[in-house]
Amino acid sequence: MKQFKTAFYFIAFAALLNACKKEYSIEQGGTTSVGTWQFNDSSQLFTGNMDSVYIDSTTSPNTKILYLIGTSLDGKQKFNLELYGNSFTTGTYNASLFQSTFSYTSGGSNVYLSNQLVGEFIVNITTLNSNNISGTFSGAARNAANNVIQLTQGKFTGSFVTNGNGNGVSSGVLGDSSGNCQPVVLNGIYSQGIAMDSSNTVQVQVTVATAGSYSIKTNTVNGIIFSKTGTFTSTGIQNVVLTASGTPTNSGVQNFTLVYGNSQCNFNINFAPPASGSLGGGGGSCTPFAIAGTYQQGILLNTTNTVQIEVNVTTPGNYNITTNAANGVVFSKSGTFTTTGVQNILLTGSGIPVNAGPQDFTVSFGNSNCTFNISFLQGVAPSGDYFPLTLNSNWTYGLTQGTTQDSIYSAVLGYAPTFGGNTYNTIAQYDVPPGEATDSAYFRKPGGDYYEYMNYSAFFGFDQPVTGEYIFLKDNVPMGTTWNSPDIMGTISGVPITVYIKMTMLEKAVPVTIGTFPFPNVIKMKYEFFVSGSPIALATAERWFAFNTGEIHTSITGGTEIISYDIGNFHIF
């Protein structure tokens with residue numbers, strides 16, 4: 001499901017209030033717990049087991065969240081009680097002071113929901129130490145029929161049990177009694193001179209004696225190291241996949257020693273010799289060669305930008321053929337020659353051309369090289385800001401670690417509406433592949449202030465439309481500057497609420513590389529959503545803006561849910 005919005009990319013406000021929480025121990029020094037809970041809705045007593053109790057200090061630098069998560073006795077309903085504060089002691093935690101929320105759900109839908117928008121809900125911690133917690137709760141809750149009722153007789157108990165050996169670190173053994181890693185599953189191509197990437201992995205088996213965090217790695221051999229960090233949540237035999245990094249310096253069999261705590265085991269890798277041969281026109285101009293694609297100053301290269309060259313292979317094997325980096329561009333291709341003789345190879349370009357005019361590129365393959373020339377067209381005038389709004393400029397964003405179906409395409413249209421006496425440019429959003437527009441947003445840029453006009457109801461879940469503008473970016477202020485949006489007032493389920501957005505410039509004019517795209521001048525912004533009067537942000541987001549390019553990265557955090565999008569392609573006119 002796509003949560004990305006070109007307008008502001010934020011998770012809907014209602015989803016933030018009811019965000020699903022992890023139903024297992026948190027990885028950061030997490031805890032498991034055993035306990036019980038109960039409450040009454042005046043007609044029925046609900047009871048169940050407490051599955052997990054932990055404190056999360058990663059959501060905000062000034063606020064911690066104490067989670068108490070459980071399941072009904074039949075396993076069909078979920079119990080979720082959350083407390084907020086800088087630290088936790090015995091005493092009361094009031095929803096009206098943004099110190100507590102509660103939800104009881106079935107199949108992902110709320111059976112009961114309590115928070116500051118519903119009414120007063122009070123949690124009283126009666127026992128709290130390094131091992132145990134217990135307490136009571138009661139107060140107003142909204143049921144599935146959207147009626148406010150009173151919950152009573154609420155009780156909870158839980159036991160904090162530290163993972164691992166007391167400091168959260170796991171223990172266990174590798175391999176067999178002879179010191180051999182068993183079993184070993186090797187993936188990827190291993191060849192002298194060919195750099196490792198994410199496809200170069202080794203899977204090994206670990207017998208985990210104590211659950212907890214782990215760091216497993218090899219020694220550095222032949223310029224290569226394998227490593228993996230993570231958390232074992234249970235004991236017993238488990239498979240771990242380690243990823244390689246580095247570039248092999250030699251061919252032949254190499255022995256690696258894997259280390260996990262006080263345990264070691266060994267495995268071998270046979271690094272193949274690289275392919276050998278000569279380039280067509282070696283020592284001079286590449287002959288023959290064929291160039292495809294459009295080459296224009298300031299326009300990002302893509303998979304259509306290729307150069308076909310000729311190679312006479314004398315020894316089959318793995319290869320990595322590249323050009324030098326010229327004018328911000330490089331051409332390359334890796335693979336395997338399985339036969340000898342003359343073969344054609346298609347090198348793919350990457351990068352953003354810096355200048356117009358002719359540029360020479362040198363192709364290298366072993367000890368052979370040749371050259372070819374590309375003439376880059378004159379680029380269009382740069383936008384001169386961090387959020388271009390020139391007609392037909394477009395961007396493609398991909399969900400981090402997602403698929404092509406998780407991509408979003410957005411483009412500037414020739415529609416310029418007027419709201420409140422101000423004229424705005426329109427950016428339309430499309431699913432990939434593009435079809436009908438799925439959303440649109442409106443922007444203007446007087447001076448160094450970047451405004452967005454929006455219907456806040458679409459993001460905060462208000463009962464009625466609430467529209468207005470706010471400054472989401474300033475390029476004329478120093479790093480560390482903060483400012484707030486105007487107060488945004490509406491109702492949710494008839495309850496009046498005022499929210500606002502706080503903007504903070506985290507960094508300015510810093511270099512950032514995303515994928516193969518280098519951006520030398522980037523502003524990093526942080527956005528925090530607040531209910532007026534609350535010190536706790538309901539959600540945060542980070543957006544990065546590159547000079548003459550626009551938005552290149554967005555990450556959104558609501559509770560324990562994180563969504564992240566990166567730039568995949570762009571064209572600025």
# chains A, B, ... in the order shown; residues from 1 in each chain; ligands from 1
>>> residues_around(residues="A:Ser285", least_positions_apart="4", cutoff="6 Å", atoms="only C-alpha atoms", output="ChimeraX atom specification")
/A:281,370-372
>>> write_last_selection(atoms="N, CA and C atoms", output="PDB file, in the first residue's frame")
ATOM      1  N   GLY A 281      40.408  -1.863 -31.156  1.00  0.00           N
ATOM      2  CA  GLY A 281      41.101  -0.588 -31.263  1.00  0.00           C
ATOM      3  C   GLY A 281      42.006  -0.325 -30.096  1.00  0.00           C
ATOM      4  N   CYS A 370      41.112   1.613 -24.743  1.00  0.00           N
ATOM      5  CA  CYS A 370      40.800   2.359 -25.966  1.00  0.00           C
ATOM      6  C   CYS A 370      39.945   3.547 -25.582  1.00  0.00           C
ATOM      7  N   THR A 371      39.711   4.475 -26.508  1.00  0.00           N
ATOM      8  CA  THR A 371      38.994   5.713 -26.189  1.00  0.00           C
ATOM      9  C   THR A 371      37.829   5.937 -27.150  1.00  0.00           C
ATOM     10  N   PHE A 372      36.815   6.663 -26.656  1.00  0.00           N
ATOM     11  CA  PHE A 372      35.730   7.135 -27.517  1.00  0.00           C
ATOM     12  C   PHE A 372      35.309   8.510 -27.026  1.00  0.00           C
TER      13      PHE A 372
END
>>> closest_residue(among="A:Lys502, A:His571, A:Lys217, A:Lys445", to="A:Ser532", atoms="only C-alpha atoms")
A:Lys502
>>> closest_residue(among="A:Pro520, A:Gly447, A:Gly70, A:Gly568", to="A:Ser407", atoms="only C-alpha atoms")
A:Gly568
>>> closest_residue(among="A:Ile501, A:Ala458, A:Val169, A:Val123", to="A:Gly261", atoms="only C-alpha atoms")
A:Val169
>>> atom_distance(atom1="atom CA of A:Asn320", atom2="atom CA of A:Ser227")
24.0 Å
>>> atom_distance(atom1="atom CA of A:Ile352", atom2="atom CA of A:Tyr415")
29.2 Å
>>> select_by_dssp(residues="stretch 367-560 of chain A", states="strand (DSSP E)", output="number ranges by chain")
A: 368-376, 394-399, 407-413, 418-419, 422-423, 425-431, 439-444, 449-455, 467-474, 482-484, 488-492, 495-514, 517-531, 539-546, 550-558
>>> closest_residue(among="A:Asn180, A:Ser42, A:Thr47, A:Thr390", to="A:Gly414", atoms="only C-alpha atoms")
A:Thr390
>>> residues_around(residues="A:Ser213", least_positions_apart="4", cutoff="7 Å", atoms="only C-alpha atoms", output="compact mmCIF listing (two decimals) with C-alpha atoms, in the first residue's frame")
# COMPACT_ATOMS: atom_id res chain seq x y z
CA GLY A 168 21.62 -8.08 25.80
CA VAL A 169 24.43 -9.94 23.99
CA SER A 170 23.74 -13.44 22.69
CA GLY A 230 21.54 -8.37 14.38
CA THR A 231 19.53 -9.93 17.19
CA PHE A 232 18.71 -13.56 17.97
>>> residues_around(residues="A:Asn124", least_positions_apart="3", cutoff="10 Å", atoms="only C-alpha atoms", output="ChimeraX atom specification")
/A:89-94,127,134-138,154-155
>>> write_last_selection(atoms="N, CA and C atoms", output="CSV table (one decimal), in the first residue's frame")
chain,number,residue,atom,x,y,z
A,89,THR,N,8.3,6.2,36.9
A,89,THR,CA,8.3,5.9,38.3
A,89,THR,C,6.9,5.5,38.7
A,90,THR,N,6.7,5.0,39.9
A,90,THR,CA,5.3,4.8,40.4
A,90,THR,C,4.5,6.1,40.4
A,91,GLY,N,3.2,6.1,40.2
A,91,GLY,CA,2.4,7.3,40.1
A,91,GLY,C,1.4,7.2,39.0
A,92,THR,N,0.8,8.4,38.7
A,92,THR,CA,-0.3,8.4,37.7
A,92,THR,C,0.2,9.0,36.4
A,93,TYR,N,-0.5,8.5,35.3
A,93,TYR,CA,-0.2,9.0,34.0
A,93,TYR,C,-1.5,9.2,33.3
A,94,ASN,N,-1.7,10.5,33.0
A,94,ASN,CA,-3.0,11.0,32.5
A,94,ASN,C,-3.0,11.2,31.0
A,127,THR,N,3.7,-0.6,41.2
A,127,THR,CA,5.0,-1.3,41.4
A,127,THR,C,5.9,-1.1,40.1
A,134,SER,N,3.5,-3.3,37.8
A,134,SER,CA,2.1,-3.6,38.0
A,134,SER,C,1.4,-2.3,38.2
A,135,GLY,N,0.1,-2.3,38.0
A,135,GLY,CA,-0.7,-1.1,38.2
A,135,GLY,C,-2.2,-1.3,37.8
A,136,THR,N,-2.9,-0.1,37.8
A,136,THR,CA,-4.3,-0.1,37.5
A,136,THR,C,-4.6,0.9,36.4
A,137,PHE,N,-5.8,0.9,35.8
A,137,PHE,CA,-6.1,1.9,34.8
A,137,PHE,C,-7.7,1.9,34.7
A,138,SER,N,-8.2,3.1,34.3
A,138,SER,CA,-9.6,3.3,34.1
A,138,SER,C,-9.8,4.6,33.4
A,154,GLY,N,-9.4,-1.9,35.5
A,154,GLY,CA,-8.2,-2.2,34.7
A,154,GLY,C,-7.0,-2.5,35.6
A,155,LYS,N,-6.4,-3.7,35.3
A,155,LYS,CA,-5.2,-4.1,36.1
A,155,LYS,C,-4.2,-4.7,35.1
>>> atom_distance(atom1="atom CA of A:Ile523", atom2="atom CA of A:Ala537")
22.0 Å
>>> residues_around(residues="A:Val118", least_positions_apart="3", cutoff="12 Å", atoms="only C-alpha atoms", output="PyMOL selection string")
chain A and resi 17+95-96+98+100-103+112-115+121+139-143+146-150+491-497
>>> write_last_selection(atoms="C-alpha atoms", output="PDB file, in the first residue's frame")
ATOM      1  CA  LEU A  17      -3.087   7.685  16.852  1.00  0.00           C
ATOM      2  CA  ALA A  95      -4.243  10.999  28.887  1.00  0.00           C
ATOM      3  CA  SER A  96      -5.189  14.684  29.256  1.00  0.00           C
ATOM      4  CA  PHE A  98      -0.424  13.308  26.882  1.00  0.00           C
ATOM      5  CA  SER A 100      -1.004   7.647  28.319  1.00  0.00           C
ATOM      6  CA  THR A 101      -2.937   5.981  25.508  1.00  0.00           C
ATOM      7  CA  PHE A 102      -4.732   2.639  25.289  1.00  0.00           C
ATOM      8  CA  SER A 103      -6.133   0.495  22.496  1.00  0.00           C
ATOM      9  CA  TYR A 112     -11.738   0.369  22.413  1.00  0.00           C
ATOM     10  CA  LEU A 113      -9.522   3.419  22.032  1.00  0.00           C
ATOM     11  CA  SER A 114      -8.461   5.854  24.761  1.00  0.00           C
ATOM     12  CA  ASN A 115      -6.364   8.989  24.329  1.00  0.00           C
ATOM     13  CA  PHE A 121      -7.886   8.039  30.932  1.00  0.00           C
ATOM     14  CA  GLY A 139     -11.249   6.054  32.088  1.00  0.00           C
ATOM     15  CA  ALA A 140     -13.058   7.109  28.922  1.00  0.00           C
ATOM     16  CA  ALA A 141     -12.798   4.999  25.762  1.00  0.00           C
ATOM     17  CA  ARG A 142     -14.405   5.168  22.332  1.00  0.00           C
ATOM     18  CA  ASN A 143     -15.903   1.837  21.230  1.00  0.00           C
ATOM     19  CA  ASN A 146     -17.963   5.493  18.048  1.00  0.00           C
ATOM     20  CA  ASN A 147     -19.628   5.915  21.442  1.00  0.00           C
ATOM     21  CA  VAL A 148     -17.686   6.996  24.535  1.00  0.00           C
ATOM     22  CA  ILE A 149     -17.981   4.548  27.453  1.00  0.00           C
ATOM     23  CA  GLN A 150     -16.105   4.074  30.739  1.00  0.00           C
ATOM     24  CA  THR A 491     -12.471  18.253  14.801  1.00  0.00           C
ATOM     25  CA  ILE A 492     -11.973  14.486  14.862  1.00  0.00           C
ATOM     26  CA  SER A 493     -15.134  12.500  15.625  1.00  0.00           C
ATOM     27  CA  GLY A 494     -16.609  15.767  16.857  1.00  0.00           C
ATOM     28  CA  VAL A 495     -13.767  16.482  19.292  1.00  0.00           C
ATOM     29  CA  PRO A 496     -12.037  19.867  18.722  1.00  0.00           C
ATOM     30  CA  ILE A 497      -8.285  19.605  18.208  1.00  0.00           C
TER      31      ILE A 497
END
>>> select_by_dssp(residues="stretch 338-472 of chain A", states="helix (DSSP H, G or I)", output="NGL selection string")
:A and (404-406 or 457-460)
